[in-house]
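Data first, discussion second: the structure below is written as structure tokens.
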Amino acid sequence: MLDTFITSRVRRKIIVVYAKYPDFKTHVRGLAKLIKEDAGNIQRELKRMEKIGFLISERQGNTKIYYTNKHFPIFKELQSIVLKSQRMAQQRRQHAQSL
């Protein structure tokens, strides 16, 4: 269901990770490995999300670490949408298995 509203697959995966795990911190390559997407596409999306305030970054040596801005104005709502969307998908899978 989330894919209807957020059409970019990479952006959707990033939002799900950071909304579901708000204390999660990682660098581009770590996130690329986790969500199995190209690091270049991820870096572009992370920059966009940082620019609007959804993510915050900090430098640790030569590495830029990204994490959720829990004070982002619609963070709680976005987190709720992600969690509800995942619950609905799980319920659909369980229902399909029971048929």
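Naming scheme: A, B, ... for chains in displayed order of the structure tokens; residues 1 onward per chain; ligands 1 onward as shown.
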Q: Considering only C-alpha atoms, return as a PyMOL selection string whatever protein or nucleic-acid residues lie within 10 Å of A:Val28, sequence-local ones (same chain, fewer than 4 positions apart) excluded.
A: chain A and resi 32-34+38-44+46+63-66
Write the residues of the selection above to a file with N, CA and C atoms, as a PDB file, in the first residue's frame.
ATOM      1  N   ALA A  32      22.952   0.404   1.846  1.00  0.00           N
ATOM      2  CA  ALA A  32      22.874  -0.272   0.545  1.00  0.00           C
ATOM      3  C   ALA A  32      22.881  -1.788   0.728  1.00  0.00           C
ATOM      4  N   LYS A  33      23.732  -2.248   1.614  1.00  0.00           N
ATOM      5  CA  LYS A  33      23.817  -3.689   1.887  1.00  0.00           C
ATOM      6  C   LYS A  33      22.526  -4.193   2.544  1.00  0.00           C
ATOM      7  N   LEU A  34      21.982  -3.403   3.450  1.00  0.00           N
ATOM      8  CA  LEU A  34      20.774  -3.782   4.172  1.00  0.00           C
ATOM      9  C   LEU A  34      19.552  -3.880   3.259  1.00  0.00           C
ATOM     10  N   ASP A  38      21.406   0.096  -4.979  1.00  0.00           N
ATOM     11  CA  ASP A  38      22.623   0.757  -5.415  1.00  0.00           C
ATOM     12  C   ASP A  38      22.980   1.931  -4.497  1.00  0.00           C
ATOM     13  N   ALA A  39      24.236   1.992  -4.078  1.00  0.00           N
ATOM     14  CA  ALA A  39      24.687   3.044  -3.156  1.00  0.00           C
ATOM     15  C   ALA A  39      24.503   4.444  -3.744  1.00  0.00           C
ATOM     16  N   GLY A  40      24.677   4.600  -5.041  1.00  0.00           N
ATOM     17  CA  GLY A  40      24.500   5.912  -5.672  1.00  0.00           C
ATOM     18  C   GLY A  40      23.077   6.413  -5.559  1.00  0.00           C
ATOM     19  N   ASN A  41      22.120   5.533  -5.812  1.00  0.00           N
ATOM     20  CA  ASN A  41      20.695   5.902  -5.683  1.00  0.00           C
ATOM     21  C   ASN A  41      20.349   6.210  -4.233  1.00  0.00           C
ATOM     22  N   ILE A  42      20.896   5.427  -3.330  1.00  0.00           N
ATOM     23  CA  ILE A  42      20.640   5.645  -1.909  1.00  0.00           C
ATOM     24  C   ILE A  42      21.199   6.987  -1.468  1.00  0.00           C
ATOM     25  N   GLN A  43      22.415   7.286  -1.883  1.00  0.00           N
ATOM     26  CA  GLN A  43      23.034   8.551  -1.491  1.00  0.00           C
ATOM     27  C   GLN A  43      22.204   9.738  -1.973  1.00  0.00           C
ATOM     28  N   ARG A  44      21.700   9.660  -3.184  1.00  0.00           N
ATOM     29  CA  ARG A  44      20.868  10.739  -3.735  1.00  0.00           C
ATOM     30  C   ARG A  44      19.595  10.924  -2.889  1.00  0.00           C
ATOM     31  N   LEU A  46      19.127   9.932   0.281  1.00  0.00           N
ATOM     32  CA  LEU A  46      19.493  10.377   1.631  1.00  0.00           C
ATOM     33  C   LEU A  46      19.703  11.886   1.658  1.00  0.00           C
ATOM     34  N   THR A  63      33.475   9.327   6.970  1.00  0.00           N
ATOM     35  CA  THR A  63      32.172   8.711   6.722  1.00  0.00           C
ATOM     36  C   THR A  63      31.039   9.601   7.224  1.00  0.00           C
ATOM     37  N   LYS A  64      29.995   9.689   6.421  1.00  0.00           N
ATOM     38  CA  LYS A  64      28.808  10.440   6.805  1.00  0.00           C
ATOM     39  C   LYS A  64      27.769   9.443   7.307  1.00  0.00           C
ATOM     40  N   ILE A  65      27.331   9.630   8.544  1.00  0.00           N
ATOM     41  CA  ILE A  65      26.357   8.744   9.180  1.00  0.00           C
ATOM     42  C   ILE A  65      24.996   9.437   9.185  1.00  0.00           C
ATOM     43  N   TYR A  66      23.973   8.700   8.770  1.00  0.00           N
ATOM     44  CA  TYR A  66      22.604   9.238   8.723  1.00  0.00           C
ATOM     45  C   TYR A  66      21.743   8.598   9.803  1.00  0.00           C
TER      46      TYR A  66
END
(Q) Can you pull out the residues contacting stretch 49-61 of chain A? Cut-off 8 Å, using only C-alpha atoms, and skip same-chain residues under 5 positions away; I want them as a list in words. (A) Tyr66, Tyr67, Thr68, Asn69, Lys70, Phe72 and Phe75 of chain A
Selected residues, C-alpha atoms, written as a compact mmCIF listing (two decimals), in the first residue's frame, please.
# COMPACT_ATOMS: atom_id res chain seq x y z
CA TYR A 66 22.60 9.24 8.72
CA TYR A 67 19.89 8.90 11.34
CA THR A 68 16.25 9.84 11.85
CA ASN A 69 15.26 13.34 12.91
CA LYS A 70 12.64 12.41 15.50
CA PHE A 72 10.63 16.13 11.93
CA PHE A 75 7.69 11.90 11.80
Q: Please return as a PyMOL selection string: the residues of stretch 13-66 of chain A that backbone DSSP assigns to strand (DSSP E or B).
A: chain A and resi 25-26+55-60+63-66
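You can rank A:Ala89, A:Leu83, A:Ile74, A:Leu31 by their closest distance to A:Val16 using only C-alpha atoms, and at the top of that list sits A:Leu83.
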Q.
With DSSP run on the backbone, what are the helix (DSSP H, G or I) residues within chain A? I'd like them as a ChimeraX atom specification.
A. /A:2-5,9-20,28-35,39-52,75-98
Q: Kindly give the distance, in Å, that separates atom CA of A:Gln79 and atom CA of A:Ile6, rounded to a single decimal.
A: 13.7 Å
